[in-house]
$ cat data.txt   # compact mmCIF, C-alpha atoms
# COMPACT_ATOMS: atom_id res chain seq x y z
CA MET A 1 -26.22 -23.61 -43.55
CA LEU A 2 -26.33 -25.89 -40.52
CA GLU A 3 -23.15 -27.67 -41.63
CA ASN A 4 -21.37 -24.31 -42.00
CA GLU A 5 -22.39 -23.26 -38.48
CA THR A 6 -21.14 -26.56 -37.07
CA SER A 7 -17.76 -26.26 -38.78
CA ILE A 8 -17.27 -22.70 -37.52
CA SER A 9 -18.22 -23.52 -33.94
CA THR A 10 -15.66 -26.33 -33.76
CA GLN A 11 -12.75 -24.31 -35.15
CA LYS A 12 -9.75 -24.13 -32.84
CA ILE A 13 -8.88 -20.70 -31.45
CA GLN A 14 -5.59 -19.55 -32.95
CA TRP A 15 -3.41 -16.47 -32.79
CA LYS A 16 -1.07 -14.71 -35.19
CA CYS A 17 1.37 -11.82 -34.88
CA LEU A 18 0.35 -9.14 -37.38
CA GLU A 19 3.02 -6.58 -36.54
CA SER A 20 6.15 -6.39 -34.40
CA LYS A 21 8.51 -3.43 -34.28
CA THR A 22 11.14 -1.80 -32.10
CA GLU A 23 10.35 1.89 -31.80
CA SER A 24 13.32 2.42 -29.47
CA LYS A 25 15.47 0.38 -27.12
CA ARG A 26 12.89 0.93 -24.38
CA LEU A 27 9.72 0.74 -26.46
CA HIS A 28 8.69 -2.41 -28.33
CA TYR A 29 5.30 -2.85 -30.00
CA GLY A 30 3.35 -5.92 -31.10
CA ARG A 31 -0.10 -6.44 -32.59
CA PHE A 32 -1.81 -9.83 -32.50
CA VAL A 33 -5.04 -11.32 -33.82
CA ILE A 34 -6.85 -14.15 -32.01
CA SER A 35 -9.90 -15.98 -33.36
CA PRO A 36 -12.48 -17.40 -33.67
CA PHE A 37 -14.38 -16.77 -30.43
CA LYS A 38 -18.00 -17.38 -29.64
CA ARG A 39 -19.91 -14.21 -28.87
CA GLY A 40 -18.82 -12.79 -25.52
CA GLN A 41 -15.63 -14.83 -25.22
CA ALA A 42 -13.35 -12.27 -26.87
CA SER A 43 -14.28 -9.65 -24.28
CA THR A 44 -13.60 -12.09 -21.43
CA VAL A 45 -10.15 -12.88 -22.80
CA GLY A 46 -9.34 -9.27 -23.66
CA ILE A 47 -10.22 -7.95 -20.20
CA ALA A 48 -8.26 -10.74 -18.50
CA MET A 49 -5.19 -10.13 -20.65
CA ARG A 50 -5.30 -6.38 -20.15
CA ARG A 51 -5.43 -6.79 -16.36
CA ALA A 52 -2.98 -9.68 -16.04
CA SER A 53 -0.33 -8.37 -18.40
CA PRO A 54 0.89 -5.35 -16.37
CA GLN A 55 0.31 -6.83 -12.91
CA GLU A 56 1.36 -10.47 -13.26
CA VAL A 57 4.31 -10.29 -15.65
CA GLY A 58 7.43 -9.56 -13.62
CA GLY A 59 10.39 -7.32 -14.24
CA THR A 60 13.79 -6.38 -12.78
CA ARG A 61 14.55 -3.07 -11.10
CA ILE A 62 16.98 -1.24 -8.81
CA THR A 63 15.42 -1.18 -5.34
CA ARG A 64 18.15 0.39 -3.19
CA ALA A 65 21.14 2.69 -3.59
CA LYS A 66 23.93 3.51 -1.14
CA PHE A 67 26.03 6.68 -1.23
CA HIS A 68 29.00 7.29 1.05
CA GLY A 69 28.86 10.34 3.30
CA VAL A 70 25.25 11.26 2.48
CA VAL A 71 22.80 12.27 5.23
CA HIS A 72 19.44 12.58 3.43
CA GLU A 73 18.03 12.34 -0.09
CA TYR A 74 18.10 16.10 -0.69
CA SER A 75 21.80 16.26 0.09
CA THR A 76 24.20 17.50 -2.56
CA ILE A 77 27.67 16.27 -3.36
CA THR A 78 30.18 18.88 -4.44
CA GLY A 79 31.02 18.21 -8.07
CA ILE A 80 27.75 16.37 -8.84
CA GLN A 81 25.19 18.33 -10.81
CA GLU A 82 22.15 16.52 -9.38
CA THR A 83 20.90 16.17 -5.82
CA ILE A 84 20.75 12.67 -4.34
CA HIS A 85 16.99 12.76 -4.88
CA ASP A 86 17.45 13.41 -8.60
CA VAL A 87 19.94 10.57 -8.89
CA LEU A 88 17.51 8.19 -7.15
CA VAL A 89 14.75 9.19 -9.59
CA ASN A 90 17.06 8.45 -12.53
CA LEU A 91 18.07 5.08 -11.05
CA LYS A 92 14.37 4.21 -10.69
CA GLU A 93 13.94 4.55 -14.47
CA ILE A 94 16.81 2.21 -15.43
CA VAL A 95 15.39 -0.74 -17.41
CA LEU A 96 17.02 -4.08 -16.60
CA LYS A 97 16.47 -7.63 -17.75
CA SER A 98 16.95 -10.91 -15.91
CA ASP A 99 15.23 -14.29 -15.87
CA SER A 100 16.31 -15.13 -12.33
CA ASN A 101 14.50 -14.26 -9.09
CA ASP A 102 17.73 -13.80 -7.15
CA ILE A 103 18.69 -10.60 -5.36
CA TRP A 104 21.82 -9.02 -6.79
CA GLU A 105 24.31 -6.34 -5.91
CA ALA A 106 25.77 -3.96 -8.49
CA PHE A 107 28.24 -1.11 -8.36
CA SER A 108 28.77 2.13 -10.23
CA SER A 109 32.13 3.88 -9.82
CA VAL A 110 32.85 6.75 -12.18
CA THR A 111 35.47 9.52 -12.10
CA GLY A 112 34.63 12.86 -13.67
CA PRO A 113 34.21 15.10 -15.35
CA LYS A 114 31.77 12.73 -17.06
CA GLU A 115 28.13 12.01 -17.74
CA VAL A 116 27.17 8.84 -15.83
CA THR A 117 24.83 6.42 -17.60
CA ALA A 118 23.48 2.89 -17.09
CA GLY A 119 26.38 1.53 -19.13
CA ASP A 120 28.80 2.63 -16.37
CA THR A 121 27.23 0.21 -13.89
CA SER A 122 28.97 -3.09 -13.16
CA LEU A 123 26.12 -5.62 -13.30
CA PRO A 124 26.06 -9.35 -12.47
CA SER A 125 26.33 -11.65 -15.49
CA SER A 126 22.64 -12.60 -15.19
CA VAL A 127 21.45 -8.97 -15.34
CA LYS A 128 21.50 -6.81 -18.45
CA ALA A 129 20.86 -3.09 -18.95
CA ILE A 130 18.49 -2.61 -21.89
CA ASP A 131 19.66 0.91 -22.73
CA ASN A 132 23.23 1.75 -21.70
CA SER A 133 22.63 5.42 -22.54
CA GLN A 134 20.02 5.92 -19.79
CA TYR A 135 21.11 8.99 -17.84
CA ILE A 136 21.99 8.84 -14.12
CA ALA A 137 24.01 11.96 -13.24
CA THR A 138 26.70 14.41 -14.38
CA ILE A 139 30.05 14.74 -12.61
CA THR A 140 31.32 18.28 -13.17
CA HIS A 141 34.60 18.01 -11.21
CA PRO A 142 37.47 15.50 -11.17
CA ILE A 143 35.94 13.46 -8.37
CA SER A 144 34.58 9.92 -8.11
CA LEU A 145 30.92 8.99 -7.71
CA ASN A 146 30.46 5.59 -6.07
CA ILE A 147 27.03 4.01 -5.79
CA GLU A 148 26.23 0.56 -4.42
CA LEU A 149 23.01 -0.87 -5.84
CA LYS A 150 20.54 -3.60 -4.91
CA ILE A 151 18.61 -5.25 -7.76
CA GLU A 152 15.49 -7.39 -7.46
CA ARG A 153 12.90 -9.07 -9.67
CA ASP A 154 9.21 -8.89 -8.75
CA CYS A 155 5.70 -8.10 -10.05
CA GLY A 156 3.60 -4.95 -9.82
CA TYR A 157 5.09 -2.02 -7.97
CA ARG A 158 6.63 -1.34 -4.57
CA ILE A 159 6.38 1.96 -2.72
CA GLU A 160 9.16 2.62 -0.22
CA ASN A 161 9.60 5.21 2.52
CA SER A 162 12.17 7.48 0.94
CA ASN A 163 12.56 9.48 4.16
CA GLU A 164 14.40 6.62 5.82
CA CYS A 165 18.16 6.76 5.38
CA ARG A 166 20.57 4.45 7.15
CA ASP A 167 24.28 4.77 6.49
CA GLY A 168 23.57 6.50 3.19
CA GLN A 169 21.21 3.75 1.98
CA PHE A 170 18.01 4.80 0.22
CA SER A 171 15.12 2.58 -0.83
CA ILE A 172 13.79 3.25 -4.32
CA ASP A 173 10.18 2.98 -5.46
CA ALA A 174 10.25 0.16 -7.99
CA VAL A 175 7.88 -0.46 -10.89
CA PHE A 176 8.38 -4.12 -11.82
CA MET A 177 6.12 -3.88 -14.87
CA PRO A 178 7.85 -4.40 -18.22
CA ILE A 179 4.51 -4.15 -20.06
CA ARG A 180 3.75 -0.48 -20.53
CA ASN A 181 0.31 -0.74 -22.09
CA VAL A 182 -2.22 -3.24 -23.46
CA ASN A 183 -5.18 -2.51 -25.75
CA TYR A 184 -7.70 -4.84 -27.34
CA SER A 185 -10.56 -4.50 -29.81
CA ILE A 186 -13.29 -6.90 -30.87
CA HIS A 187 -14.85 -7.35 -34.31
CA LEU A 188 -17.68 -9.58 -35.51
CA PHE A 189 -17.70 -11.78 -38.59
CA GLY A 190 -20.25 -14.20 -39.96
CA ASN A 191 -24.05 -13.95 -39.99
CA GLY A 192 -26.86 -15.06 -37.75
CA ARG A 193 -26.15 -17.89 -35.36
CA ALA A 194 -22.80 -18.39 -37.06
CA THR A 195 -21.57 -14.97 -35.90
CA GLN A 196 -18.12 -15.20 -34.36
CA GLU A 197 -15.70 -12.72 -32.76
CA ILE A 198 -12.16 -11.82 -33.62
CA SER A 199 -9.91 -9.95 -31.16
CA PHE A 200 -6.94 -7.71 -31.87
CA ILE A 201 -4.49 -7.21 -28.99
CA GLU A 202 -1.80 -4.52 -28.92
CA ILE A 203 1.10 -4.70 -26.44
CA TRP A 204 3.82 -2.17 -25.68
CA THR A 205 6.83 -3.22 -23.55
CA ASN A 206 9.89 -1.46 -22.13
CA GLY A 207 12.30 -3.62 -24.14
CA SER A 208 13.18 -6.08 -21.38
CA LEU A 209 10.91 -8.59 -23.11
CA THR A 210 9.24 -8.70 -26.51
CA PRO A 211 5.48 -8.27 -26.96
CA HIS A 212 5.37 -11.93 -28.02
CA GLU A 213 7.06 -12.98 -24.76
CA ALA A 214 4.72 -10.71 -22.81
CA LEU A 215 1.63 -12.27 -24.39
CA SER A 216 2.91 -15.77 -23.72
CA GLU A 217 3.86 -15.08 -20.09
CA ALA A 218 0.61 -13.26 -19.30
CA SER A 219 -1.36 -16.18 -20.76
CA GLN A 220 0.56 -18.66 -18.62
CA LYS A 221 -0.05 -16.54 -15.51
CA LEU A 222 -3.80 -16.61 -16.17
CA ILE A 223 -3.69 -20.39 -16.56
CA ASP A 224 -1.74 -20.77 -13.31
CA LEU A 225 -4.20 -18.52 -11.46
CA SER A 226 -7.27 -20.47 -12.60
CA THR A 227 -5.87 -24.02 -12.34
CA PRO A 228 -6.57 -24.43 -8.57
CA PHE A 229 -10.30 -23.87 -9.17
CA SER A 230 -10.50 -27.00 -11.31
CA ASP A 231 -9.64 -29.09 -8.23
CA ILE A 232 -12.17 -27.58 -5.82
CA LYS A 233 -14.48 -30.12 -4.22
CA CYS A 234 -17.17 -28.81 -1.92
CA ARG A 235 -18.69 -31.04 0.72
CA ASP A 236 -19.93 -30.99 4.29
CA VAL A 237 -21.19 -27.44 3.95
CA SER A 238 -23.34 -26.18 6.80
CA PHE A 239 -24.86 -22.83 7.69
CA LEU A 240 -26.25 -21.78 11.06
CA GLU A 241 -29.22 -19.68 10.06
CA LYS A 242 -31.76 -19.42 12.84
CA ASP A 243 -31.45 -17.28 15.93
CA GLU A 244 -32.10 -20.28 18.11
CA ASP A 245 -29.05 -21.96 16.59
CA PHE A 246 -26.93 -19.03 17.74
CA SER A 247 -28.51 -18.97 21.18
CA ASP A 248 -27.54 -22.59 21.65
CA SER A 249 -23.94 -21.72 20.88
CA THR A 250 -23.35 -18.05 21.67
CA LYS A 251 -19.61 -18.50 21.56
CA SER A 252 -19.55 -19.78 17.96
CA PRO A 253 -18.99 -17.43 15.01
CA PHE A 254 -21.97 -16.46 12.89
CA LEU A 255 -21.04 -18.38 9.77
CA GLN A 256 -19.70 -21.92 9.74
CA LEU A 257 -18.48 -23.14 6.36
CA GLN A 258 -16.36 -26.19 5.74
CA PHE A 259 -14.82 -27.28 2.49
CA GLY A 260 -13.45 -30.72 3.19
CA ASN A 261 -12.35 -30.98 6.78
CA THR A 262 -10.03 -28.04 7.30
CA CYS A 263 -10.48 -25.18 4.79
CA LYS A 264 -12.59 -22.18 5.89
CA LEU A 265 -13.64 -19.89 3.06
CA GLU A 266 -15.74 -17.15 4.63
CA GLU A 267 -12.89 -14.72 5.30
CA LYS A 268 -11.70 -15.00 1.72
CA LEU A 269 -15.18 -14.27 0.38
CA PHE A 270 -15.86 -11.25 2.56
CA GLU A 271 -12.46 -9.75 3.43
CA ASN A 272 -12.94 -6.97 0.86
CA MET A 273 -16.55 -6.21 1.83
CA PHE A 274 -16.91 -3.38 4.34
CA ILE A 275 -19.57 -3.41 7.04
CA ASP A 276 -21.32 -0.39 5.56
CA GLN A 277 -22.58 -2.84 2.90
CA LEU A 278 -24.66 -4.49 5.62
CA GLU A 279 -26.76 -1.29 5.78
CA LEU A 280 -26.90 -1.40 9.57
CA PRO A 281 -28.58 1.25 11.74
CA ALA A 282 -26.24 4.10 12.65
CA ARG A 283 -25.89 3.01 16.29
CA ALA A 284 -24.77 -0.54 15.46
CA PHE A 285 -22.55 0.64 12.61
CA ASN A 286 -20.73 3.22 14.76
CA CYS A 287 -20.19 0.71 17.59
CA LEU A 288 -18.59 -1.76 15.19
CA LYS A 289 -16.32 0.92 13.74
CA ARG A 290 -15.18 1.98 17.22
CA ALA A 291 -14.39 -1.68 17.93
CA GLU A 292 -12.23 -1.64 14.74
CA ILE A 293 -14.53 -4.08 12.95
CA HIS A 294 -14.23 -2.71 9.43
CA THR A 295 -15.04 -5.61 7.12
CA ILE A 296 -17.57 -8.43 7.08
CA ALA A 297 -14.66 -10.84 7.47
CA ASP A 298 -13.68 -9.02 10.70
CA SER A 299 -17.18 -9.55 12.10
CA LEU A 300 -16.96 -13.30 11.48
CA ASN A 301 -14.34 -13.54 14.23
CA TYR A 302 -16.88 -12.35 16.82
CA SER A 303 -19.54 -14.50 18.48
CA ARG A 304 -22.84 -13.06 19.69
CA GLU A 305 -21.38 -13.04 23.18
CA ASP A 306 -18.31 -11.12 21.99
CA LEU A 307 -20.45 -8.51 20.23
CA SER A 308 -22.65 -8.00 23.28
CA LYS A 309 -19.53 -6.99 25.23
CA ILE A 310 -18.85 -4.06 22.89
CA LYS A 311 -19.65 -0.75 24.58
CA ASN A 312 -23.22 0.46 23.87
CA PHE A 313 -23.85 -2.65 21.76
CA GLY A 314 -27.01 -4.21 23.19
CA GLN A 315 -29.00 -7.33 22.34
CA LYS A 316 -31.01 -5.44 19.72
CA SER A 317 -27.83 -4.47 17.88
CA VAL A 318 -26.58 -8.08 18.04
CA ASP A 319 -29.83 -9.25 16.45
CA GLN A 320 -29.58 -6.57 13.75
CA VAL A 321 -26.05 -7.65 12.83
CA SER A 322 -27.11 -11.31 12.85
CA LYS A 323 -29.98 -10.61 10.48
CA ALA A 324 -27.87 -8.42 8.18
CA LEU A 325 -25.16 -11.10 7.94
CA ARG A 326 -27.68 -13.81 7.05
CA GLU A 327 -29.15 -11.63 4.32
CA ARG A 328 -25.70 -10.82 2.93
CA PHE A 329 -24.66 -14.49 2.92
CA ALA A 330 -27.88 -15.47 1.19
CA LYS A 331 -27.13 -12.88 -1.49
CA GLU A 332 -23.45 -13.61 -2.00
CA LEU A 333 -23.28 -17.40 -1.62
CA PRO A 334 -25.17 -20.21 -3.40
CA SER A 335 -28.29 -20.86 -1.33
CA LYS A 336 -28.41 -24.59 -1.93
CA LYS A 337 -24.84 -25.17 -0.83
CA LEU A 338 -25.36 -23.06 2.28
CA GLY A 339 -28.57 -24.81 3.25
CA LEU A 340 -30.64 -21.64 3.17
CA ASN A 341 -33.71 -23.27 1.67
CA LYS A 342 -36.29 -23.80 4.38

$ encode --input "data.txt" --output "structure tokens"
Amino acid sequence: MLENETSISTQKIQWKCLESKTESKRLHYGRFVISPFKRGQASTVGIAMRRASPQEVGGTRITRAKFHGVVHEYSTITGIQETIHDVLVNLKEIVLKSDSNDIWEAFSSVTGPKEVTAGDTSLPSSVKAIDNSQYIATITHPISLNIELKIERDCGYRIENSNECRDGQFSIDAVFMPIRNVNYSIHLFGNGRATQEISFIEIWTNGSLTPHEALSEASQKLIDLSTPFSDIKCRDVSFLEKDEDFSDSTKSPFLQLQFGNTCKLEEKLFENMFIDQLELPARAFNCLKRAEIHTIADSLNYSREDLSKIKNFGQKSVDQVSKALRERFAKELPSKKLGLNK
């Protein structure tokens, strides 16, 4: 039994594609199995893949359109069935593919009567429309519809101010996420201490990349994100804890951390923590908010002397903030490295 457990624990984690199909030009599906994991590892990998896949894997989209003689997005053009707003919405949905991070220009010039689709757009050689039948507009009269387009590759999504129009140019909200959905499930196999986990991952894409490519790229993104942490070396770490330390240097910030000689880490650790997490008395809390100190990282830029200059912020409030910060640091950061042990 012991030999069997040893052989299982040393097995290399491998993956296999169980199913891959094209449901439509803009919907590809893949199902993968990955095993064997130790207990708990499959969930770690599954959660990371589900979060990284949509956000970190980039895509190509139309980000700007220019129409001649148009004043605002709700304008209409005689002979065009849709409003400018409707055309912009349709352009937003066009699925493109490119492996380059360049910024391109494209052009659509169509004379009606005709239904305008993605296939009518003149694209650079490095950009490809996944589905040429994607609808853009309908020209109902014998007129020409000319649209100049800007194309970019990025990650995540970008929200633009659609109310701004300059010379008929409109920014388009872009969703640079070719991965439409990711699911994973975990199953156990084996008995006792030899119990292992197997994970099934399902990926749906918009057709600009295959589920296999999506899995590979998302995995590489996770590796790239975690690689810098393998080179971290912490040294010369000091923490000013006592009130008398602050009184000796009232113009110094509360927390003094050094990694190496130049890198300060406190803002990174606390930039997403709001001051209400310090559980300060209402008076001190309201004074900080009025001074536009919203996060713990913001407070680190203020010395005791700076805080005492805030309106209605007396010495008692300074001491309360000082104490609350020390308690928060002791909770969030390793006590030994910060020298908190008395």

$ closest_residue --input "data.txt" --among "A:Ser100, A:Asn312, A:Ser299, A:Ser199" --to "A:Tyr184" --atoms "all atoms listed in the file"
A:Ser199

$ closest_residue --input "data.txt" --among "A:Val110, A:Ala129, A:Ile293, A:Ala42" --to "A:Gly207" --atoms "only C-alpha atoms"
A:Ala129

$ axis_aligned_box --input "data.txt" --around "stretch 90-97 of chain A" --padding-each-side "5 Å" --output "lines of an AutoDock Vina configuration file"
center_x = 16.0
center_y = 0.4
center_z = -14.2
size_x = 14.1
size_y = 26.1
size_z = 17.1

$ residues_around --input "data.txt" --residues "A:Ala282" --least-positions-apart "5" --cutoff "12 Å" --atoms "all atoms listed in the file" --output "PyMOL selection string"
chain A and resi 275-276+287-289+313+317+320-321

$ closest_residue --input "data.txt" --among "A:Leu18, A:Cys155, A:Ile34, A:Ile147" --to "A:Ala174" --atoms "all atoms listed in the file"
A:Cys155

$ residues_around --input "data.txt" --residues "stretch 219-221 of chain A" --least-positions-apart "3" --cutoff "8 Å" --atoms "only C-alpha atoms" --output "JSON list (two decimals) with C-alpha atoms, in the frame of the given file"
[["chain", "number", "residue", "atom", "x", "y", "z"],
["A", 49, "MET", "CA", -5.19, -10.13, -20.65],
["A", 52, "ALA", "CA", -2.98, -9.68, -16.04],
["A", 56, "GLU", "CA", 1.36, -10.47, -13.26],
["A", 57, "VAL", "CA", 4.31, -10.29, -15.65],
["A", 215, "LEU", "CA", 1.63, -12.27, -24.39],
["A", 216, "SER", "CA", 2.91, -15.77, -23.72],
["A", 224, "ASP", "CA", -1.74, -20.77, -13.31],
["A", 225, "LEU", "CA", -4.20, -18.52, -11.46]]

$ atom_distance --input "data.txt" --atom1 "atom CA of A:Ala214" --atom2 "atom CA of A:Asn101"
17.2 Å

$ closest_residue --input "data.txt" --among "A:Ala291, A:Ala218, A:Val175, A:Leu145" --to "A:Ser108" --atoms "only C-alpha atoms"
A:Leu145

$ residues_around --input "data.txt" --residues "A:Cys17" --least-positions-apart "6" --cutoff "12 Å" --atoms "all atoms listed in the file" --output "list in words"
Tyr29, Gly30, Arg31, Phe32, Val33, Ile34, Phe200, Ile201, Glu202, Ile203, Thr210, Pro211, His212, Glu213, Leu215 and Ser216 of chain A

$ atom_distance --input "data.txt" --atom1 "atom CA of A:Phe176" --atom2 "atom CA of A:Ile103"
13.8 Å

$ residues_around --input "data.txt" --residues "A:Leu91" --least-positions-apart "2" --cutoff "10 Å" --atoms "all atoms listed in the file" --output "ChimeraX atom specification"
/A:61-65,85-89,93-95,117-118,134-137,149,172-174

$ atom_distance --input "data.txt" --atom1 "atom CA of A:Ser109" --atom2 "atom CA of A:Pro178"
27.0 Å

$ closest_residue --input "data.txt" --among "A:Ile296, A:Val45, A:Ile13, A:Ile80" --to "A:Pro142" --atoms "only C-alpha atoms"
A:Ile80

$ closest_residue --input "data.txt" --among "A:Arg193, A:Lys25, A:Lys12, A:Arg39" --to "A:Asp131" --atoms "all atoms listed in the file"
A:Lys25

$ residues_around --input "data.txt" --residues "A:His28" --least-positions-apart "5" --cutoff "10 Å" --atoms "all atoms listed in the file" --output "PDB file with C-alpha atoms, in the frame of the given file"
ATOM      1  CA  SER A  20       6.150  -6.390 -34.400  1.00  0.00           C
ATOM      2  CA  LYS A  21       8.510  -3.430 -34.280  1.00  0.00           C
ATOM      3  CA  THR A  22      11.140  -1.800 -32.100  1.00  0.00           C
ATOM      4  CA  GLU A  23      10.350   1.890 -31.800  1.00  0.00           C
ATOM      5  CA  ILE A 179       4.510  -4.150 -20.060  1.00  0.00           C
ATOM      6  CA  ARG A 180       3.750  -0.480 -20.530  1.00  0.00           C
ATOM      7  CA  ILE A 203       1.100  -4.700 -26.440  1.00  0.00           C
ATOM      8  CA  TRP A 204       3.820  -2.170 -25.680  1.00  0.00           C
ATOM      9  CA  THR A 205       6.830  -3.220 -23.550  1.00  0.00           C
ATOM     10  CA  ASN A 206       9.890  -1.460 -22.130  1.00  0.00           C
ATOM     11  CA  GLY A 207      12.300  -3.620 -24.140  1.00  0.00           C
ATOM     12  CA  SER A 208      13.180  -6.080 -21.380  1.00  0.00           C
ATOM     13  CA  LEU A 209      10.910  -8.590 -23.110  1.00  0.00           C
ATOM     14  CA  THR A 210       9.240  -8.700 -26.510  1.00  0.00           C
ATOM     15  CA  PRO A 211       5.480  -8.270 -26.960  1.00  0.00           C
TER      16      PRO A 211
END

$ decode --input "data.txt" --residues "stretch 109-121 of chain A" --atoms "N, CA and C atoms" --output "PDB file, in the first residue's frame"
ATOM      1  N   SER A 109     -16.590  50.885 -47.212  1.00  0.00           N
ATOM      2  CA  SER A 109     -17.251  51.756 -48.184  1.00  0.00           C
ATOM      3  C   SER A 109     -18.181  50.899 -49.030  1.00  0.00           C
ATOM      4  N   VAL A 110     -19.481  51.104 -48.829  1.00  0.00           N
ATOM      5  CA  VAL A 110     -20.482  50.264 -49.483  1.00  0.00           C
ATOM      6  C   VAL A 110     -21.551  51.158 -50.107  1.00  0.00           C
ATOM      7  N   THR A 111     -21.965  50.815 -51.331  1.00  0.00           N
ATOM      8  CA  THR A 111     -23.038  51.536 -52.020  1.00  0.00           C
ATOM      9  C   THR A 111     -24.287  50.666 -52.061  1.00  0.00           C
ATOM     10  N   GLY A 112     -25.417  51.244 -51.686  1.00  0.00           N
ATOM     11  CA  GLY A 112     -26.655  50.501 -51.609  1.00  0.00           C
ATOM     12  C   GLY A 112     -27.478  50.546 -52.888  1.00  0.00           C
ATOM     13  N   PRO A 113     -28.638  49.958 -52.797  1.00  0.00           N
ATOM     14  CA  PRO A 113     -29.192  49.254 -51.634  1.00  0.00           C
ATOM     15  C   PRO A 113     -28.429  47.962 -51.347  1.00  0.00           C
ATOM     16  N   LYS A 114     -28.111  47.743 -50.058  1.00  0.00           N
ATOM     17  CA  LYS A 114     -27.338  46.566 -49.689  1.00  0.00           C
ATOM     18  C   LYS A 114     -27.315  46.417 -48.174  1.00  0.00           C
ATOM     19  N   GLU A 115     -27.180  45.172 -47.738  1.00  0.00           N
ATOM     20  CA  GLU A 115     -26.957  44.882 -46.331  1.00  0.00           C
ATOM     21  C   GLU A 115     -25.452  44.861 -46.088  1.00  0.00           C
ATOM     22  N   VAL A 116     -24.980  45.706 -45.180  1.00  0.00           N
ATOM     23  CA  VAL A 116     -23.540  45.827 -44.912  1.00  0.00           C
ATOM     24  C   VAL A 116     -23.150  44.850 -43.806  1.00  0.00           C
ATOM     25  N   THR A 117     -22.117  44.072 -44.062  1.00  0.00           N
ATOM     26  CA  THR A 117     -21.633  43.095 -43.080  1.00  0.00           C
ATOM     27  C   THR A 117     -20.132  43.270 -42.859  1.00  0.00           C
ATOM     28  N   ALA A 118     -19.587  42.475 -41.934  1.00  0.00           N
ATOM     29  CA  ALA A 118     -18.153  42.542 -41.624  1.00  0.00           C
ATOM     30  C   ALA A 118     -17.307  42.235 -42.842  1.00  0.00           C
ATOM     31  N   GLY A 119     -17.813  41.409 -43.731  1.00  0.00           N
ATOM     32  CA  GLY A 119     -17.059  41.048 -44.930  1.00  0.00           C
ATOM     33  C   GLY A 119     -16.861  42.200 -45.887  1.00  0.00           C
ATOM     34  N   ASP A 120     -17.609  43.299 -45.719  1.00  0.00           N
ATOM     35  CA  ASP A 120     -17.466  44.469 -46.592  1.00  0.00           C
ATOM     36  C   ASP A 120     -16.395  45.431 -46.106  1.00  0.00           C
ATOM     37  N   THR A 121     -15.731  45.087 -45.014  1.00  0.00           N
ATOM     38  CA  THR A 121     -14.704  45.960 -44.441  1.00  0.00           C
ATOM     39  C   THR A 121     -13.337  45.604 -44.996  1.00  0.00           C
TER      40      THR A 121
END
